[in-house]
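This is my_file.cif. It holds mmCIF, C-alpha atoms.
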```cif
data_input
#
loop_
_atom_site.label_atom_id
_atom_site.label_comp_id
_atom_site.auth_asym_id
_atom_site.auth_seq_id
_atom_site.Cartn_x
_atom_site.Cartn_y
_atom_site.Cartn_z
CA MET V 1 13.07 10.48 -21.18
CA VAL V 2 10.59 7.74 -22.06
CA ASP V 3 8.08 8.00 -24.86
CA GLU V 4 5.30 10.22 -23.47
CA LYS V 5 2.94 9.13 -26.24
CA SER V 6 2.97 5.49 -25.17
CA ASP V 7 -0.58 4.25 -24.58
CA ARG V 8 0.56 1.19 -22.67
CA PRO V 9 -0.73 1.37 -19.06
CA THR V 10 1.88 1.79 -16.36
CA ALA V 11 2.12 0.65 -12.74
CA LEU V 12 4.48 0.97 -9.80
CA VAL V 13 4.56 -1.59 -7.00
CA THR V 14 6.35 -1.00 -3.70
CA GLY V 15 8.00 -3.80 -1.75
CA ALA V 16 8.04 -5.94 -4.88
CA ASN V 17 11.23 -7.98 -4.67
CA ARG V 18 9.36 -11.01 -3.31
CA GLY V 19 6.01 -12.35 -2.13
CA LEU V 20 2.81 -10.48 -2.90
CA GLY V 21 4.57 -7.47 -4.37
CA LEU V 22 6.50 -9.53 -6.91
CA GLU V 23 3.42 -11.57 -7.75
CA THR V 24 1.34 -8.42 -8.24
CA ALA V 25 4.02 -7.04 -10.57
CA ARG V 26 3.96 -10.34 -12.47
CA GLN V 27 0.18 -10.26 -12.91
CA LEU V 28 0.19 -6.63 -13.99
CA GLN V 29 2.94 -7.33 -16.51
CA ALA V 30 0.94 -10.27 -17.88
CA ASP V 31 -2.02 -7.92 -18.30
CA GLY V 32 0.02 -5.57 -20.47
CA TYR V 33 1.30 -3.05 -17.95
CA ARG V 34 4.74 -1.54 -18.03
CA VAL V 35 5.83 -2.05 -14.41
CA VAL V 36 8.24 -0.21 -12.14
CA LEU V 37 9.27 -2.61 -9.40
CA THR V 38 10.68 -1.11 -6.19
CA SER V 39 12.29 -2.51 -3.07
CA ARG V 40 14.37 -1.36 -0.14
CA THR V 41 17.36 -3.57 -1.03
CA GLU V 42 18.62 -2.75 -4.51
CA SER V 43 20.35 -6.03 -5.33
CA LYS V 44 17.26 -8.08 -4.49
CA GLY V 45 15.00 -5.74 -6.40
CA ILE V 46 17.12 -5.78 -9.53
CA ALA V 47 17.21 -9.58 -9.46
CA ALA V 48 13.42 -9.71 -9.05
CA ALA V 49 12.85 -7.29 -11.94
CA ARG V 50 15.15 -9.28 -14.21
CA SER V 51 13.33 -12.49 -13.26
CA LEU V 52 10.21 -10.96 -14.79
CA ASP V 53 11.87 -9.24 -17.75
CA ALA V 54 15.48 -9.97 -18.58
CA ASP V 55 16.01 -7.00 -20.92
CA GLY V 56 14.16 -4.44 -18.80
CA LYS V 57 11.78 -3.29 -21.55
CA GLN V 58 8.58 -4.21 -19.71
CA VAL V 59 9.75 -4.16 -16.08
CA SER V 60 12.15 -1.57 -14.70
CA TYR V 61 13.57 -1.11 -11.21
CA HIS V 62 14.08 1.75 -8.78
CA GLN V 63 15.25 1.57 -5.18
CA LEU V 64 12.70 2.72 -2.61
CA ASP V 65 12.65 2.70 1.18
CA VAL V 66 9.15 3.94 2.02
CA THR V 67 10.33 5.16 5.43
CA ASP V 68 13.11 7.35 3.97
CA GLN V 69 12.08 10.77 2.68
CA GLY V 70 15.25 11.05 0.59
CA SER V 71 14.54 7.72 -1.08
CA ILE V 72 10.95 8.75 -1.84
CA ALA V 73 12.12 12.07 -3.28
CA ALA V 74 14.70 10.31 -5.48
CA LEU V 75 12.01 8.04 -6.91
CA ALA V 76 9.75 11.00 -7.66
CA GLN V 77 12.63 12.81 -9.38
CA ASP V 78 13.59 9.79 -11.50
CA LEU V 79 10.11 8.51 -12.36
CA PRO V 80 9.73 10.53 -15.61
CA ASN V 81 12.80 8.70 -16.93
CA LEU V 82 11.11 5.35 -16.34
CA ILE V 83 7.49 5.81 -17.40
CA PRO V 84 5.48 8.58 -19.12
CA ARG V 85 2.88 8.71 -16.31
CA LEU V 86 1.67 6.54 -13.44
CA ASP V 87 -1.68 4.86 -14.10
CA VAL V 88 -1.54 2.51 -11.10
CA LEU V 89 0.23 2.82 -7.76
CA VAL V 90 0.21 -0.29 -5.55
CA ASN V 91 1.37 0.49 -2.02
CA ASN V 92 2.36 -3.02 -1.01
CA ALA V 93 5.49 -2.58 1.13
CA GLY V 94 4.79 -3.61 4.71
CA ILE V 95 6.07 -5.35 7.82
CA GLY V 96 4.43 -7.08 10.76
CA SER V 97 4.77 -6.55 14.50
CA TRP V 98 2.45 -8.08 17.08
CA GLY V 99 4.45 -7.90 20.31
CA GLY V 100 5.11 -5.10 22.76
CA ASP V 101 8.50 -3.96 21.48
CA ARG V 102 8.20 -0.18 21.09
CA ARG V 103 10.87 0.09 18.40
CA LEU V 104 9.31 -2.61 16.22
CA ALA V 105 5.84 -1.18 16.76
CA ALA V 106 6.93 2.29 15.70
CA GLN V 107 8.69 0.82 12.65
CA THR V 108 5.49 -0.99 11.70
CA ILE V 109 3.52 2.26 11.82
CA ALA V 110 6.25 4.05 9.85
CA THR V 111 6.27 1.39 7.14
CA ASN V 112 2.60 0.45 6.91
CA TYR V 113 0.94 3.82 7.41
CA PHE V 114 3.32 6.76 6.98
CA GLY V 115 5.10 5.00 4.11
CA PRO V 116 2.06 4.60 1.82
CA ARG V 117 0.87 8.06 2.81
CA ASP V 118 4.16 9.74 1.89
CA VAL V 119 4.77 7.71 -1.29
CA THR V 120 1.26 8.55 -2.49
CA ASP V 121 1.78 12.25 -1.81
CA ALA V 122 5.09 12.25 -3.70
CA LEU V 123 3.82 10.36 -6.75
CA LEU V 124 0.36 11.90 -7.00
CA PRO V 125 1.51 14.55 -9.52
CA PHE V 126 2.27 11.74 -12.00
CA ILE V 127 -1.14 10.05 -11.69
CA PRO V 128 -3.60 11.18 -14.39
CA ARG V 129 -7.39 11.27 -14.35
CA GLY V 130 -8.51 7.65 -14.37
CA GLY V 131 -5.53 6.57 -12.28
CA ARG V 132 -5.80 3.96 -9.53
CA ILE V 133 -4.18 3.83 -6.09
CA VAL V 134 -4.32 0.51 -4.23
CA MET V 135 -3.37 0.16 -0.56
CA VAL V 136 -2.49 -3.41 0.45
CA SER V 137 -4.14 -3.79 3.82
CA SER V 138 -5.30 -6.76 5.92
CA GLY V 139 -8.32 -8.26 7.61
CA LEU V 140 -6.55 -7.26 10.83
CA GLY V 141 -7.27 -3.68 9.79
CA GLU V 142 -11.01 -4.07 10.34
CA LEU V 143 -12.64 -1.64 12.76
CA SER V 144 -13.78 -4.55 14.93
CA TYR V 145 -10.25 -4.78 16.33
CA LEU V 146 -10.70 -1.39 18.02
CA GLU V 147 -12.57 -0.67 21.23
CA GLU V 148 -15.77 1.32 20.84
CA ASN V 149 -14.46 4.86 21.44
CA LEU V 150 -11.50 4.46 19.08
CA ARG V 151 -13.71 2.77 16.50
CA ALA V 152 -16.05 5.75 16.43
CA ARG V 153 -13.17 8.16 15.90
CA PHE V 154 -11.63 6.18 13.04
CA ASP V 155 -15.03 5.53 11.47
CA SER V 156 -16.15 9.17 11.47
CA PRO V 157 -17.19 10.20 7.93
CA THR V 158 -15.74 13.64 8.59
CA LEU V 159 -12.31 12.35 9.63
CA THR V 160 -9.54 14.48 8.06
CA ARG V 161 -5.92 13.65 7.37
CA PRO V 162 -4.63 15.85 10.22
CA ALA V 163 -7.10 14.20 12.59
CA LEU V 164 -6.05 10.75 11.40
CA ASP V 165 -2.38 11.60 11.89
CA SER V 166 -3.30 12.82 15.39
CA LEU V 167 -4.96 9.49 16.15
CA VAL V 168 -1.83 7.63 15.03
CA ALA V 169 0.31 9.96 17.15
CA SER V 170 -1.89 9.22 20.17
CA TYR V 171 -1.22 5.52 19.69
CA LEU V 172 2.54 6.11 19.57
CA ALA V 173 2.27 8.28 22.71
CA ALA V 174 0.35 5.53 24.49
CA LEU V 175 3.00 3.07 23.37
CA ASP V 176 5.74 5.25 24.91
CA GLN V 177 3.82 5.30 28.17
CA GLY V 178 3.09 1.59 28.11
CA ALA V 179 -0.61 2.45 28.11
CA GLN V 180 -1.67 1.14 24.72
CA LYS V 181 -3.67 -1.80 26.10
CA ARG V 182 -5.28 0.36 28.78
CA ASP V 183 -6.34 2.82 26.08
CA GLY V 184 -7.87 0.05 23.97
CA TRP V 185 -5.31 -0.20 21.17
CA PRO V 186 -4.75 -3.55 19.40
CA SER V 187 -1.41 -4.68 17.94
CA SER V 188 0.72 -2.18 16.05
CA TYR V 189 0.03 -4.14 12.87
CA SER V 190 -3.73 -3.74 13.33
CA VAL V 191 -3.33 -0.06 14.16
CA SER V 192 -1.26 0.47 11.01
CA LYS V 193 -3.81 -1.25 8.78
CA VAL V 194 -6.86 0.38 10.40
CA SER V 195 -5.12 3.71 9.81
CA LEU V 196 -4.32 2.77 6.21
CA ASN V 197 -7.97 1.91 5.60
CA ALA V 198 -9.02 5.25 7.09
CA LEU V 199 -6.53 7.03 4.84
CA THR V 200 -7.98 5.16 1.87
CA ARG V 201 -11.44 6.50 2.59
CA ILE V 202 -10.13 10.06 3.06
CA LEU V 203 -8.10 9.97 -0.16
CA GLY V 204 -10.98 8.39 -2.05
CA ARG V 205 -13.12 11.34 -1.03
CA ASP V 206 -10.46 14.01 -1.61
CA LEU V 207 -9.27 12.74 -5.00
CA SER V 208 -12.67 11.98 -6.53
CA SER V 209 -12.77 15.39 -8.23
CA LYS V 210 -9.51 14.49 -10.00
CA GLY V 211 -10.92 11.21 -11.28
CA ILE V 212 -8.43 9.13 -9.24
CA THR V 213 -9.72 6.12 -7.33
CA VAL V 214 -8.24 4.87 -4.05
CA ASN V 215 -9.10 1.49 -2.53
CA SER V 216 -7.71 -0.89 0.07
CA VAL V 217 -7.42 -4.63 -0.39
CA CYS V 218 -7.13 -7.60 1.91
CA PRO V 219 -5.24 -10.31 0.02
CA GLY V 220 -6.11 -12.84 2.72
CA TRP V 221 -3.80 -15.00 4.81
CA VAL V 222 -1.06 -15.78 2.29
CA ARG V 223 1.93 -18.12 2.41
CA THR V 224 4.58 -15.39 2.32
CA ASP V 225 7.51 -14.83 4.67
CA MET V 226 5.14 -12.78 6.84
CA GLY V 227 2.13 -15.09 6.58
CA GLY V 228 4.07 -18.29 7.13
CA ARG V 229 3.80 -21.75 5.61
CA GLY V 230 0.55 -22.54 7.41
CA ALA V 231 -1.40 -19.76 5.69
CA SER V 232 -4.51 -20.76 3.79
CA ARG V 233 -3.77 -18.94 0.52
CA SER V 234 -1.09 -19.24 -2.12
CA VAL V 235 0.87 -16.19 -3.27
CA PRO V 236 -0.80 -16.20 -6.74
CA VAL V 237 -4.26 -16.21 -5.13
CA GLY V 238 -3.32 -13.35 -2.82
CA GLY V 239 -1.78 -11.45 -5.71
CA ARG V 240 -4.96 -11.97 -7.71
CA SER V 241 -6.94 -10.20 -4.98
CA ILE V 242 -4.65 -7.17 -5.35
CA PHE V 243 -4.85 -7.31 -9.14
CA LEU V 244 -8.65 -7.40 -9.06
CA THR V 245 -8.65 -4.27 -6.91
CA VAL V 246 -6.58 -2.52 -9.58
CA LYS V 247 -9.22 -3.53 -12.14
CA LEU V 248 -12.29 -2.33 -10.20
CA PRO V 249 -14.86 -0.17 -12.03
CA ALA V 250 -13.95 3.50 -12.36
CA ASP V 251 -16.65 4.58 -9.90
CA ALA V 252 -15.40 2.34 -7.08
CA THR V 253 -13.38 4.36 -4.59
CA GLY V 254 -12.76 4.62 -0.86
CA GLY V 255 -13.62 0.96 -0.26
CA PHE V 256 -12.12 -2.18 1.25
CA TYR V 257 -11.99 -5.26 -1.00
CA ARG V 258 -11.08 -8.93 -1.13
CA ASP V 259 -11.11 -10.99 -4.34
CA GLY V 260 -12.76 -8.12 -6.22
CA LYS V 261 -15.68 -7.87 -3.79
CA ARG V 262 -16.28 -5.11 -1.28
CA ILE V 263 -16.04 -6.23 2.35
CA PRO V 264 -16.96 -4.46 5.61
CA TRP V 265 -14.29 -2.29 7.12
#
```
This structure in structure tokens:
Amino acid sequence: MVDEKSDRPTALVTGANRGLGLETARQLQADGYRVVLTSRTESKGIAAARSLDADGKQVSYHQLDVTDQGSIAALAQDLPNLIPRLDVLVNNAGIGSWGGDRRLAAQTIATNYFGPRDVTDALLPFIPRGGRIVMVSSGLGELSYLEENLRARFDSPTLTRPALDSLVASYLAALDQGAQKRDGWPSSYSVSKVSLNALTRILGRDLSSKGITVNSVCPGWVRTDMGGRGASRSVPVGGRSIFLTVKLPADATGGFYRDGKRIPW
């Protein structure tokens, strides 16, 4: 077991073997956090962790596939051996899919929406009062990408988690029927990030009594493998946007941010 009396803040970052996840881990480490870096591929994740901290005292590694319930459960079981508590959870792992391939679209929803939802549920018992949860979203998750009827349903202030899951299920059903465009759905990537932003608002409301804040962040169009070389932002700048969301005031919750400033959802 680790030292439970340690007052050093702790953080866990998903999808952190490269790109924004690795950069976020780097910035958190530089700010004094003890970081648990996770990734789907173990060899790549271990190499990334060692690139930040060769002896593993400040940065540790654990395998995590956010779409695999067994992998999530293993992380939750092992976490007390890595850190005394979890002050910050950054749900960064994500993929992109913009075409009409049903398999890729479903995988995008599984990774970008169900993944952060399930990881958060599993790790919530380790997050103390004052803890922060950050969902890495996208400008493509703005409500403006939805047609009016869908927008109203996602934007409802009384939206519950079961109702949100039902909305996501209706998208997947429309996808199976080839009716997603007829029903007004945008790309699977947009659907996943709109849903993630909706989950953020729900969790922000539901966890406020526990003193845990939950916010989404748009890092901008970043030159990662997903964003491409033509993107307007560097990885450090995008990572800074995520880091600033971690450092928001304690009363900021349920919002959507870029560069430390709240933006319209």
Residue with the minimum atom-to-atom distance to Thr10 (chain V), picked from V:Gly70, V:Gly139, V:Pro80, V:Gly45 with only C-alpha atoms counted, is V:Pro80
Determine the residue membership of the PyMOL selection byres ((chain V and resi 199) around 10) for the file above and supply it as a PyMOL selection string.
chain V and resi 113+116-117+135+154+159-161+164-165+193-198+200-205+214-216+254
With distances taken over only C-alpha atoms, which residue among V:Glu147, V:Thr158, V:Gly96, V:Thr213 lies nearest Gly184 (chain V)?
V:Glu147
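Here CA of Asp176 (chain V) stands at a distance of 28.2 Å from CA of Gly15 (chain V).
The spacing separating CA of Asp251 (chain V) from CA of Val90 (chain V) amounts to 18.1 Å.
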What does the structure give for the distance between CA of Glu42 (chain V) and CA of Asp65 (chain V), in Å to one decimal?
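We find that CA of Glu42 (chain V) and CA of Asp65 (chain V) lie 9.9 Å from each other.
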Surrounding residues of Leu86 (chain V) excluding itself and chain neighbours under 6 positions, 12 Å, only C-alpha atoms, as a ChimeraX atom specification
/V:4,6-13,33-36,76,79-80,120,122-133,212
Top pick for closest residue to Ala47 (chain V), considering V:Asn17, V:Gln77, V:Gln29, V:Gln63 and counting all atoms listed in the file:
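Under the stated criterion, the closest residue is V:Asn17.
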Given 4 Å on each side, where is the centre and what are the edge lengths in Å to one decimal of the axis-aligned box enclosing the listed atoms of region 28-46 of chain V, as lines of an AutoDock Vina configuration file?
```
center_x = 9.2
center_y = -5.2
center_z = -10.3
size_x = 30.4
size_y = 18.1
size_z = 28.3
```
Which is closest to Leu143 (chain V) among V:Val59, V:Val237, V:Leu22, V:Ile263, if we use only C-alpha atoms?
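Closest candidate: V:Ile263.
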From (5.4, 4.6, 12.9), in the file's coordinates, out to 10 Å: which residues are reached, counting all atoms listed in the file? Answer as a list in words.
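Output of the proximity query reads Thr67, Arg102, Arg103, Leu104, Ala105, Ala106, Gln107, Thr108, Ile109, Ala110, Thr111, Asn112, Tyr113, Phe114, Gly115, Val168, Ala169, Tyr171, Leu172, Ser188, Val191 and Ser192 of chain V.
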Under the rule that all atoms listed in the file are counted, which of V:Ala74, V:Ala30, V:Asp118, V:Gln69 is the nearest residue to Asn91 (chain V)?
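Ranking V:Ala74, V:Ala30, V:Asp118, V:Gln69 by distance to Asn91 (chain V), first place goes to V:Asp118.
Evaluated against the shown file, the PyMOL selection byres ((chain V and resi 183) around 10) gives Glu147, Asn149, Leu150, Ser170, Tyr171, Ala174, Leu175, Gly178, Ala179, Gln180, Lys181, Arg182, Gly184, Trp185 and Pro186 of chain V.
The smallest atom-to-atom distance between Ser71 (chain V) and any of V:Ser241, V:Thr41, V:Ser137, V:Thr24, using all atoms listed in the file, is found for V:Thr41.
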To verify the selection step, state as a ChimeraX atom specification which residues the PyMOL selection byres ((chain V and resi 243) around 10) yields on this input.
/V:23-28,31,90,134,217,219,237-242,244-248,259-260
Since the input lacks atoms, please generate N, CA and C atoms for region 40-62 of chain V and provide them as a PDB file, in the frame of the given file.
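The resulting file, selection10.pdb, is reproduced below:
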```
ATOM      1  N   ARG V  40      13.412  -2.050  -1.005  1.00  0.00           N
ATOM      2  CA  ARG V  40      14.370  -1.360  -0.140  1.00  0.00           C
ATOM      3  C   ARG V  40      15.799  -1.768  -0.482  1.00  0.00           C
ATOM      4  N   THR V  41      16.018  -3.069  -0.717  1.00  0.00           N
ATOM      5  CA  THR V  41      17.360  -3.570  -1.030  1.00  0.00           C
ATOM      6  C   THR V  41      17.544  -3.655  -2.538  1.00  0.00           C
ATOM      7  N   GLU V  42      18.467  -2.878  -3.067  1.00  0.00           N
ATOM      8  CA  GLU V  42      18.620  -2.750  -4.510  1.00  0.00           C
ATOM      9  C   GLU V  42      18.963  -4.061  -5.194  1.00  0.00           C
ATOM     10  N   SER V  43      19.911  -4.810  -4.659  1.00  0.00           N
ATOM     11  CA  SER V  43      20.350  -6.030  -5.330  1.00  0.00           C
ATOM     12  C   SER V  43      19.210  -7.032  -5.469  1.00  0.00           C
ATOM     13  N   LYS V  44      18.395  -7.151  -4.436  1.00  0.00           N
ATOM     14  CA  LYS V  44      17.260  -8.080  -4.490  1.00  0.00           C
ATOM     15  C   LYS V  44      16.204  -7.593  -5.466  1.00  0.00           C
ATOM     16  N   GLY V  45      15.991  -6.292  -5.489  1.00  0.00           N
ATOM     17  CA  GLY V  45      15.000  -5.740  -6.400  1.00  0.00           C
ATOM     18  C   GLY V  45      15.388  -5.880  -7.855  1.00  0.00           C
ATOM     19  N   ILE V  46      16.644  -5.634  -8.152  1.00  0.00           N
ATOM     20  CA  ILE V  46      17.120  -5.780  -9.530  1.00  0.00           C
ATOM     21  C   ILE V  46      16.972  -7.226  -9.987  1.00  0.00           C
ATOM     22  N   ALA V  47      17.330  -8.167  -9.107  1.00  0.00           N
ATOM     23  CA  ALA V  47      17.210  -9.580  -9.460  1.00  0.00           C
ATOM     24  C   ALA V  47      15.747  -9.955  -9.699  1.00  0.00           C
ATOM     25  N   ALA V  48      14.842  -9.417  -8.882  1.00  0.00           N
ATOM     26  CA  ALA V  48      13.420  -9.710  -9.050  1.00  0.00           C
ATOM     27  C   ALA V  48      12.906  -9.147 -10.372  1.00  0.00           C
ATOM     28  N   ALA V  49      13.294  -7.915 -10.687  1.00  0.00           N
ATOM     29  CA  ALA V  49      12.850  -7.290 -11.940  1.00  0.00           C
ATOM     30  C   ALA V  49      13.345  -8.088 -13.140  1.00  0.00           C
ATOM     31  N   ARG V  50      14.589  -8.526 -13.094  1.00  0.00           N
ATOM     32  CA  ARG V  50      15.150  -9.280 -14.210  1.00  0.00           C
ATOM     33  C   ARG V  50      14.499 -10.665 -14.316  1.00  0.00           C
ATOM     34  N   SER V  51      14.018 -11.204 -13.202  1.00  0.00           N
ATOM     35  CA  SER V  51      13.330 -12.490 -13.260  1.00  0.00           C
ATOM     36  C   SER V  51      12.016 -12.387 -14.041  1.00  0.00           C
ATOM     37  N   LEU V  52      11.440 -11.188 -14.040  1.00  0.00           N
ATOM     38  CA  LEU V  52      10.210 -10.960 -14.790  1.00  0.00           C
ATOM     39  C   LEU V  52      10.487 -10.551 -16.229  1.00  0.00           C
ATOM     40  N   ASP V  53      11.580  -9.810 -16.430  1.00  0.00           N
ATOM     41  CA  ASP V  53      11.870  -9.240 -17.750  1.00  0.00           C
ATOM     42  C   ASP V  53      13.372  -9.031 -17.873  1.00  0.00           C
ATOM     43  N   ALA V  54      14.020  -9.952 -18.541  1.00  0.00           N
ATOM     44  CA  ALA V  54      15.480  -9.970 -18.580  1.00  0.00           C
ATOM     45  C   ALA V  54      16.091  -8.721 -19.228  1.00  0.00           C
ATOM     46  N   ASP V  55      15.416  -8.150 -20.233  1.00  0.00           N
ATOM     47  CA  ASP V  55      16.010  -7.000 -20.920  1.00  0.00           C
ATOM     48  C   ASP V  55      15.509  -5.664 -20.404  1.00  0.00           C
ATOM     49  N   GLY V  56      14.603  -5.677 -19.439  1.00  0.00           N
ATOM     50  CA  GLY V  56      14.160  -4.440 -18.800  1.00  0.00           C
ATOM     51  C   GLY V  56      13.244  -3.569 -19.633  1.00  0.00           C
ATOM     52  N   LYS V  57      12.655  -4.100 -20.699  1.00  0.00           N
ATOM     53  CA  LYS V  57      11.780  -3.290 -21.550  1.00  0.00           C
ATOM     54  C   LYS V  57      10.367  -3.167 -20.981  1.00  0.00           C
ATOM     55  N   GLN V  58       9.926  -4.201 -20.276  1.00  0.00           N
ATOM     56  CA  GLN V  58       8.580  -4.210 -19.710  1.00  0.00           C
ATOM     57  C   GLN V  58       8.578  -3.938 -18.210  1.00  0.00           C
ATOM     58  N   VAL V  59       9.642  -4.322 -17.538  1.00  0.00           N
ATOM     59  CA  VAL V  59       9.750  -4.160 -16.080  1.00  0.00           C
ATOM     60  C   VAL V  59      11.051  -3.442 -15.777  1.00  0.00           C
ATOM     61  N   SER V  60      10.964  -2.309 -15.116  1.00  0.00           N
ATOM     62  CA  SER V  60      12.150  -1.570 -14.700  1.00  0.00           C
ATOM     63  C   SER V  60      12.217  -1.525 -13.175  1.00  0.00           C
ATOM     64  N   TYR V  61      13.347  -1.088 -12.664  1.00  0.00           N
ATOM     65  CA  TYR V  61      13.570  -1.110 -11.210  1.00  0.00           C
ATOM     66  C   TYR V  61      14.012   0.255 -10.714  1.00  0.00           C
ATOM     67  N   HIS V  62      13.553   0.581  -9.490  1.00  0.00           N
ATOM     68  CA  HIS V  62      14.080   1.750  -8.780  1.00  0.00           C
ATOM     69  C   HIS V  62      14.072   1.433  -7.290  1.00  0.00           C
TER      70      HIS V  62
END
```
